[in-house]
Structures are given as C-alpha cells and as structure tokens.
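One file, coords_35.pdb, is given below (PDB, C-alpha atoms).
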ATOM      1  CA  MET A 225      35.054 -24.946  -0.791
ATOM      2  CA  ARG A 226      32.614 -23.711   1.853
ATOM      3  CA  ALA A 227      30.017 -21.116   0.933
ATOM      4  CA  ARG A 228      30.641 -17.725   2.505
ATOM      5  CA  ILE A 229      27.663 -15.792   3.883
ATOM      6  CA  LEU A 230      27.326 -12.201   5.085
ATOM      7  CA  VAL A 231      24.571 -11.532   7.633
ATOM      8  CA  ILE A 232      23.507  -7.878   7.758
ATOM      9  CA  ASP A 233      21.257  -6.849  10.651
ATOM     10  CA  ASP A 234      21.311  -4.012  13.175
ATOM     11  CA  GLU A 235      20.212  -6.413  15.940
ATOM     12  CA  GLU A 236      23.372  -7.999  17.308
ATOM     13  CA  SER A 237      21.417 -10.916  18.798
ATOM     14  CA  VAL A 238      19.979 -11.818  15.389
ATOM     15  CA  CYS A 239      23.440 -11.752  13.827
ATOM     16  CA  GLU A 240      24.794 -13.984  16.602
ATOM     17  CA  ILE A 241      21.958 -16.530  16.297
ATOM     18  CA  LEU A 242      22.275 -16.763  12.528
ATOM     19  CA  LYS A 243      26.076 -16.837  12.592
ATOM     20  CA  TYR A 244      26.168 -19.601  15.212
ATOM     21  CA  ASN A 245      23.671 -21.845  13.452
ATOM     22  CA  LEU A 246      25.005 -21.268   9.941
ATOM     23  CA  GLU A 247      28.546 -22.037  11.083
ATOM     24  CA  LYS A 248      27.270 -25.258  12.653
ATOM     25  CA  GLU A 249      26.035 -26.152   9.164
ATOM     26  CA  GLY A 250      29.555 -25.670   7.812
ATOM     27  CA  TYR A 251      29.308 -22.202   6.246
ATOM     28  CA  GLU A 252      31.806 -19.378   6.693
ATOM     29  CA  VAL A 253      29.828 -16.486   8.159
ATOM     30  CA  ASP A 254      30.587 -12.807   8.729
ATOM     31  CA  ALA A 255      28.250 -10.237  10.277
ATOM     32  CA  ALA A 256      27.704  -6.533   9.676
ATOM     33  CA  TYR A 257      25.491  -4.394  11.884
ATOM     34  CA  SER A 258      24.423  -1.960   9.173
ATOM     35  CA  ALA A 259      24.243  -1.824   5.393
ATOM     36  CA  GLU A 260      26.877   0.930   5.470
ATOM     37  CA  GLU A 261      29.259  -1.335   7.381
ATOM     38  CA  ALA A 262      28.573  -4.133   4.888
ATOM     39  CA  CYS A 263      29.442  -1.857   1.974
ATOM     40  CA  ASP A 264      32.927  -1.370   3.442
ATOM     41  CA  GLU A 265      33.570  -5.107   2.942
ATOM     42  CA  ASP A 266      34.761  -6.817  -0.224
ATOM     43  CA  LEU A 267      31.277  -8.023  -1.153
ATOM     44  CA  SER A 268      32.496  -9.994  -4.157
ATOM     45  CA  LYS A 269      33.854 -12.730  -1.854
ATOM     46  CA  TYR A 270      30.414 -13.746  -0.573
ATOM     47  CA  ASN A 271      28.095 -16.419  -1.963
ATOM     48  CA  LEU A 272      24.979 -15.185  -0.155
ATOM     49  CA  PHE A 273      23.672 -12.139   1.699
ATOM     50  CA  ILE A 274      21.068 -12.439   4.479
ATOM     51  CA  VAL A 275      19.753  -8.920   4.936
ATOM     52  CA  ASP A 276      17.404  -7.129   7.320
ATOM     53  CA  ILE A 277      15.300  -4.362   5.743
ATOM     54  CA  MET A 278      14.745  -1.683   8.393
ATOM     55  CA  MET A 279      18.237  -0.476   9.261
ATOM     56  CA  GLY A 280      19.807   2.949   9.837
ATOM     57  CA  GLU A 281      20.177   5.331   6.930
ATOM     58  CA  MET A 282      20.589   2.654   4.267
ATOM     59  CA  SER A 283      17.784   0.108   4.239
ATOM     60  CA  GLY A 284      18.099  -3.491   3.133
ATOM     61  CA  PHE A 285      16.210  -2.579  -0.026
ATOM     62  CA  ASP A 286      18.766   0.167  -0.775
ATOM     63  CA  PHE A 287      21.613  -2.275  -0.164
ATOM     64  CA  ALA A 288      20.063  -4.801  -2.554
ATOM     65  CA  LYS A 289      19.618  -2.174  -5.270
ATOM     66  CA  ARG A 290      23.250  -1.134  -4.863
ATOM     67  CA  ILE A 291      24.756  -4.611  -5.194
ATOM     68  CA  ARG A 292      22.479  -5.445  -8.130
ATOM     69  CA  ASN A 293      24.127  -2.542  -9.988
ATOM     70  CA  VAL A 294      27.679  -3.834  -9.434
ATOM     71  CA  THR A 295      29.013  -6.459 -11.837
ATOM     72  CA  SER A 296      30.813  -8.508  -9.156
ATOM     73  CA  THR A 297      27.648  -8.916  -7.033
ATOM     74  CA  GLU A 298      24.774  -8.553  -9.489
ATOM     75  CA  HIS A 299      24.033 -12.294  -9.348
ATOM     76  CA  THR A 300      24.897 -12.970  -5.688
ATOM     77  CA  PRO A 301      21.776 -14.378  -3.970
ATOM     78  CA  ILE A 302      19.933 -12.325  -1.357
ATOM     79  CA  ILE A 303      17.579 -13.535   1.354
ATOM     80  CA  PHE A 304      15.687 -10.787   3.158
ATOM     81  CA  CYS A 305      15.053 -11.545   6.838
ATOM     82  CA  SER A 306      12.693  -8.948   8.259
ATOM     83  CA  ALA A 307       9.887  -8.256  10.706
ATOM     84  CA  LEU A 308       8.013  -6.613   7.817
ATOM     85  CA  ASN A 309       5.516  -9.306   6.932
ATOM     86  CA  GLU A 310       2.990  -7.544   4.719
ATOM     87  CA  GLU A 311       2.642  -8.911   1.217
ATOM     88  CA  ASP A 312       3.588  -5.535  -0.310
ATOM     89  CA  GLU A 313       6.998  -5.614   1.410
ATOM     90  CA  LYS A 314       7.596  -9.189   0.296
ATOM     91  CA  VAL A 315       6.624  -8.377  -3.266
ATOM     92  CA  MET A 316       8.878  -5.294  -3.250
ATOM     93  CA  GLY A 317      11.807  -7.347  -1.981
ATOM     94  CA  LEU A 318      11.337 -10.020  -4.627
ATOM     95  CA  ASN A 319      10.929  -7.418  -7.349
ATOM     96  CA  ILE A 320      14.217  -5.779  -6.338
ATOM     97  CA  GLY A 321      15.867  -9.118  -7.023
ATOM     98  CA  ALA A 322      15.858 -11.022  -3.743
ATOM     99  CA  ASP A 323      15.885 -14.798  -4.016
ATOM    100  CA  ASP A 324      13.822 -15.413  -0.894
ATOM    101  CA  TYR A 325      12.148 -13.642   2.034
ATOM    102  CA  VAL A 326      11.947 -14.859   5.650
ATOM    103  CA  THR A 327       9.837 -13.086   8.258
ATOM    104  CA  LYS A 328      10.805 -12.530  11.893
ATOM    105  CA  PRO A 329      10.424 -14.180  14.297
ATOM    106  CA  PHE A 330      11.871 -16.992  12.238
ATOM    107  CA  SER A 331      12.474 -20.683  12.673
ATOM    108  CA  ILE A 332      16.160 -21.574  12.398
ATOM    109  CA  GLY A 333      15.175 -24.756  10.594
ATOM    110  CA  GLU A 334      13.299 -22.747   7.968
ATOM    111  CA  VAL A 335      16.183 -20.303   7.499
ATOM    112  CA  LEU A 336      18.675 -23.148   7.036
ATOM    113  CA  ALA A 337      16.401 -24.878   4.532
ATOM    114  CA  ARG A 338      16.006 -21.684   2.511
ATOM    115  CA  VAL A 339      19.763 -21.025   2.614
ATOM    116  CA  ARG A 340      20.462 -24.534   1.304
ATOM    117  CA  SER A 341      17.896 -24.147  -1.460
ATOM    118  CA  VAL A 342      19.095 -20.713  -2.603
ATOM    119  CA  LEU A 343      22.769 -21.742  -2.580
ATOM    120  CA  ARG A 344      21.994 -24.941  -4.482
ATOM    121  CA  ARG A 345      20.130 -23.039  -7.183
ATOM    122  CA  SER A 346      22.903 -20.458  -7.386
ATOM    123  CA  ALA A 347      25.587 -23.165  -7.671
ATOM    124  CA  LEU A 348      23.716 -24.886 -10.488
ATOM    125  CA  THR A 349      23.410 -21.596 -12.367
ATOM    126  CA  THR A 350      27.090 -20.776 -11.841
ATOM    127  CA  GLN A 351      28.198 -24.250 -12.900
ATOM    128  CA  ALA A 352      26.132 -24.044 -16.050
ATOM    129  CA  THR A 353      27.598 -20.623 -16.840
ATOM    130  CA  TYR A 354      31.237 -21.665 -16.452
ATOM    131  CA  ASN A 355      31.085 -25.210 -17.821
ATOM    132  CA  ILE A 356      29.197 -24.526 -20.990
ATOM    133  CA  SER A 357      31.072 -24.165 -24.274
ATOM    134  CA  ASP A 358      29.938 -22.277 -27.359
ATOM    135  CA  SER A 359      28.833 -25.528 -28.999
ATOM    136  CA  GLN A 360      26.861 -26.555 -25.903
ATOM    137  CA  TYR A 361      24.763 -23.438 -25.468
ATOM    138  CA  GLU A 362      21.174 -24.221 -24.603
ATOM    139  CA  GLN A 363      18.595 -23.322 -27.183
ATOM    140  CA  ASP A 364      16.282 -20.407 -26.440
ATOM    141  CA  LEU A 365      12.760 -21.230 -25.333
ATOM    142  CA  THR A 366      10.151 -19.436 -27.434
ATOM    143  CA  PHE A 367       6.414 -19.050 -27.609
ATOM    144  CA  LYS A 368       5.329 -16.605 -30.318
ATOM    145  CA  THR A 369       6.978 -13.288 -29.303
ATOM    146  CA  LEU A 370       7.922 -14.584 -25.832
ATOM    147  CA  ARG A 371      11.541 -15.762 -25.561
ATOM    148  CA  ILE A 372      13.798 -17.065 -22.812
ATOM    149  CA  ASP A 373      17.554 -16.872 -23.299
ATOM    150  CA  ARG A 374      18.566 -19.827 -21.126
ATOM    151  CA  ASN A 375      22.265 -18.970 -21.254
ATOM    152  CA  GLU A 376      21.945 -15.330 -20.210
ATOM    153  CA  LYS A 377      18.973 -16.133 -17.927
ATOM    154  CA  ILE A 378      16.895 -13.301 -19.401
ATOM    155  CA  SER A 379      13.340 -13.424 -20.721
ATOM    156  CA  TYR A 380      11.978 -11.144 -23.433
ATOM    157  CA  LEU A 381       8.561 -10.059 -24.658
ATOM    158  CA  ASP A 382       8.464  -8.487 -28.123
ATOM    159  CA  GLY A 383      12.240  -8.092 -27.899
ATOM    160  CA  GLU A 384      12.162  -6.181 -24.601
ATOM    161  CA  PRO A 385      13.464  -7.670 -21.300
ATOM    162  CA  LEU A 386      10.630  -8.647 -18.969
ATOM    163  CA  GLY A 387      12.560  -7.850 -15.788
ATOM    164  CA  LEU A 388      11.601 -11.069 -14.016
ATOM    165  CA  THR A 389      12.909 -12.003 -10.592
ATOM    166  CA  ARG A 390      14.877 -15.247 -10.387
ATOM    167  CA  THR A 391      11.826 -17.121  -9.076
ATOM    168  CA  GLU A 392       9.525 -15.719 -11.757
ATOM    169  CA  TYR A 393      12.109 -16.634 -14.398
ATOM    170  CA  GLU A 394      12.381 -20.204 -13.135
ATOM    171  CA  ILE A 395       8.599 -20.636 -12.992
ATOM    172  CA  LEU A 396       8.275 -19.376 -16.568
ATOM    173  CA  GLU A 397      11.143 -21.616 -17.712
ATOM    174  CA  PHE A 398       9.446 -24.584 -16.061
ATOM    175  CA  PHE A 399       6.124 -23.791 -17.725
ATOM    176  CA  LEU A 400       7.649 -23.335 -21.182
ATOM    177  CA  THR A 401       9.465 -26.655 -20.929
ATOM    178  CA  HIS A 402       6.359 -28.440 -19.586
ATOM    179  CA  ARG A 403       3.510 -27.083 -21.686
ATOM    180  CA  ASN A 404      -0.112 -28.162 -21.953
ATOM    181  CA  ARG A 405      -0.302 -29.931 -18.624
ATOM    182  CA  ILE A 406      -1.579 -28.849 -15.216
ATOM    183  CA  TYR A 407       0.884 -29.173 -12.341
ATOM    184  CA  SER A 408       0.058 -29.149  -8.650
ATOM    185  CA  ARG A 409       1.583 -26.487  -6.438
ATOM    186  CA  GLN A 410       3.757 -29.167  -4.841
ATOM    187  CA  GLU A 411       5.109 -30.235  -8.239
ATOM    188  CA  ILE A 412       5.939 -26.618  -9.053
ATOM    189  CA  ILE A 413       7.641 -26.175  -5.665
ATOM    190  CA  SER A 414       9.684 -29.346  -6.245
ATOM    191  CA  HIS A 415      10.897 -28.173  -9.669
ATOM    192  CA  VAL A 416      11.507 -24.501  -8.825
ATOM    193  CA  TRP A 417      12.459 -24.377  -5.126
ATOM    194  CA  GLY A 418      13.538 -27.951  -4.420
ATOM    195  CA  GLU A 419      12.308 -30.580  -1.992
ATOM    196  CA  ASP A 420      13.911 -29.276   1.211
ATOM    197  CA  VAL A 421      12.515 -25.736   1.319
ATOM    198  CA  VAL A 422       9.265 -24.669   2.958
ATOM    199  CA  VAL A 423       7.122 -22.746   0.451
ATOM    200  CA  THR A 424       3.466 -21.927   1.046
ATOM    201  CA  ASN A 425       0.697 -22.101  -1.528
ATOM    202  CA  ARG A 426       0.345 -18.331  -1.133
ATOM    203  CA  THR A 427       3.951 -17.854  -2.241
ATOM    204  CA  ILE A 428       3.234 -19.834  -5.408
ATOM    205  CA  ASP A 429       0.047 -17.868  -6.058
ATOM    206  CA  THR A 430       1.776 -14.499  -5.479
ATOM    207  CA  ASN A 431       4.663 -15.296  -7.829
ATOM    208  CA  ILE A 432       2.336 -16.518 -10.571
ATOM    209  CA  THR A 433       0.103 -13.448 -10.197
ATOM    210  CA  ARG A 434       3.146 -11.179 -10.638
ATOM    211  CA  LEU A 435       4.389 -13.253 -13.571
ATOM    212  CA  ARG A 436       1.020 -12.993 -15.317
ATOM    213  CA  LYS A 437       1.076  -9.201 -15.004
ATOM    214  CA  LYS A 438       4.461  -9.077 -16.731
ATOM    215  CA  LEU A 439       3.476 -11.408 -19.575
ATOM    216  CA  GLY A 440       0.999  -8.970 -21.113
ATOM    217  CA  GLU A 441      -0.906 -10.599 -23.976
ATOM    218  CA  TYR A 442       0.276 -14.051 -22.874
ATOM    219  CA  SER A 443      -0.959 -13.764 -19.288
ATOM    220  CA  ASN A 444      -3.980 -15.944 -20.053
ATOM    221  CA  ASN A 445      -1.739 -18.757 -21.283
ATOM    222  CA  ILE A 446      -0.931 -19.444 -17.630
ATOM    223  CA  VAL A 447      -4.113 -21.179 -16.602
ATOM    224  CA  THR A 448      -5.504 -22.068 -13.196
ATOM    225  CA  ARG A 449      -7.426 -25.256 -12.499
ATOM    226  CA  GLN A 450      -9.127 -24.818  -9.153
ATOM    227  CA  GLY A 451      -8.257 -27.658  -6.813
ATOM    228  CA  PHE A 452      -5.447 -28.902  -9.076
ATOM    229  CA  GLY A 453      -2.874 -26.194  -9.844
ATOM    230  CA  TYR A 454      -1.379 -24.284 -12.762
ATOM    231  CA  GLY A 455      -0.068 -24.859 -16.245
ATOM    232  CA  PHE A 456       0.976 -23.152 -19.472
ATOM    233  CA  LYS A 457      -1.435 -23.806 -22.322
ATOM    234  CA  GLU A 458      -0.492 -22.933 -25.880
ATOM    235  CA  THR A 459      -4.193 -22.304 -26.557
ATOM    236  CA  TYR A 460      -6.777 -21.237 -24.014
TER
END

For this file, write the structure as structure tokens.
Amino acid sequence: MRARILVIDDEESVCEILKYNLEKEGYEVDAAYSAEEACDEDLSKYNLFIVDIMMGEMSGFDFAKRIRNVTSTEHTPIIFCSALNEEDEKVMGLNIGADDYVTKPFSIGEVLARVRSVLRRSALTTQATYNISDSQYEQDLTFKTLRIDRNEKISYLDGEPLGLTRTEYEILEFFLTHRNRIYSRQEIISHVWGEDVVVTNRTIDTNITRLRKKLGEYSNNIVTRQGFGYGFKETY
C-alpha cells in the first residue's frame, strides 16, 4: 500500500513541484493551499503532512498543534517546509512535535530523502505497535528516576512525562541502550535518522542541547567529547 501525503502550502508552485516529484517516487499526494482547506479533509487517511508555516489565518504551527490534539492524527508525521530558517523557528517546530524541518529554497533530493526517512521510522513504530502482544512488550528503560516506556513511546522523569519530541525520544532511547561509550555524530545520525537522510552536525547539537535541558538533574550524564561526539555515562 502506497503512503499517502498531504502537502499544505499557500504557494501553488511549491505544491505542484512537491506533488510531481513525490508522485514520481510512488506516493499518493494531495495538495491544500491553506491550513483551513487542509482541515476540511479527512486527515486520518494520510501517512505524512508536509506543511508550510507562514500561511493565511492559520499558520503551520497552529495546524500542527491542532492535529496533535486529535487521536486519529496525533502520531501522523509532520515535516515543516518553510522559508523561516532561524534556529528559534526550527526549535519551535520540533518542540510542537514535527518530525523534521526543511528550509526553502529546498533541494528536491533532500526533501525526498527526509520523506523516506520519516516514513520509514513511522512505519517501524506502527508495526511495533500493532504486532506486539502482551507477552512481547518491551521492557522499560530506566536510569535512576529516568524511565522510558518503549511501548507507549513516552519518557518520564520522577514520574512526570518529559514531553520529548520524537527525535529527542529516539536519541535518549539510543543513549540508554548504548551507555558508557562515546559515539560520533555520524553514528548517532545512522541510528536515529537512518543512512539516507541529510542531517547536519548542528542538528545533532541542537537536539542534544534541548534534550539536556529537559533531563534536569541527569543533563550532565550526556557527555561531550570534543572532536569525537556524545555519549551517556552512568557516572560523570
């Protein structure tokens, strides 16, 4: 079954370019020229949203917040595609729950790579959710009062949800399953994003900085080794 994608952008030319190239890759693609128009669709039928930010009365950020509060779309991946390229906008988008962020003008090759990566990660999560039986539930990952529920995909600190983005969650899960060793940025990219997606060192650094802020007393357990990379140390 082909993945179905909804492109939401108030620039018709952008919608046409993305629709044409995504359909060449074998996806089913629809386009909406505003977030309001998108909301009139049955959003539950889509596997991915590619969303501009600066649009009409409802921004891409507002659209993302809305679908994250609806059960049928709360886990549907979002890629923001926007001319806003300041780090604050990117951080805001990721914190809202976006799975990736592409800046305009974009490379079609980069967009396609990111789409493949996000859909692959989403499919793996969905498969794990539906194929797992009660007796096959994965054990929680714990470190002192830090806990990851690997079945619900939620992380907790002192019993309270941390509110991690998908990427932050996957970085933390990787660290807690690979403790006491330093990993290069490329190794982290390979495990978290996959081999075929373009991720900069700055993206890694930004995500780890945000993750540290959310980990409170355990922030220092994520260590940096200049020139080598990052790791999770049980003692520091």

Would you mind reading off the distance between atom CA of A:Arg338 and atom CA of A:Val447, one decimal, in Å?
27.8 Å

Please give the centre and size of the box around stretch 435-446 of chain A (axis-aligned, containing every atom listed in the file, 3 Å added per side), with values in Å to one decimal and written as JSON.
{"center_x": 0.2, "center_y": -14.2, "center_z": -18.8, "size_x": 14.4, "size_y": 16.5, "size_z": 16.4}

List, as a list in words, every residue that the PyMOL selection byres ((chain A and resi 404) around 9) selects in the file provided.
Phe399, His402, Arg403, Arg405, Ile406, Gly455, Phe456, Lys457, Glu458 and Thr459 of chain A

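Among the candidate residues A:Thr430, A:Asn444, A:Thr300, A:Thr401, the one lying nearest to A:Arg345 is A:Thr300, with distances computed using all atoms listed in the file.
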
Expected selection from the PyMOL selection byres ((chain A and resi 416) around 9), given as a count of residues only:
12

Which stretch 418-440 of chain A residues have any atom within 9 Å of an atom of stretch 364-382 of chain A, and for each, what is the nearest pair of atoms with distance in Å to one decimal, counting all atoms listed in the file, rows sorted by chain and number, as JSON lines?
{"residue": "A:Lys438", "atom": "CA", "partner": "A:Leu381", "partner_atom": "CA", "distance": 9.0}
{"residue": "A:Leu439", "atom": "CA", "partner": "A:Leu381", "partner_atom": "CA", "distance": 7.3}
{"residue": "A:Gly440", "atom": "CA", "partner": "A:Leu381", "partner_atom": "CA", "distance": 8.4}

Excluding stretch 306-308 of chain A and any residue of its chain fewer than 4 positions from it, enumerate the residues within 6 Å of it, using only C-alpha atoms, and give them as a list in words.
Asp276, Ile277, Thr327 and Lys328 of chain A

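Atom pair atom CA of A:Ile303 / atom CA of A:Phe287 has a distance of 12.1 Å (rounded to one decimal).
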
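Relative to atom CA of A:Asp324, atom CA of A:Arg226 is found at 20.7 Å.
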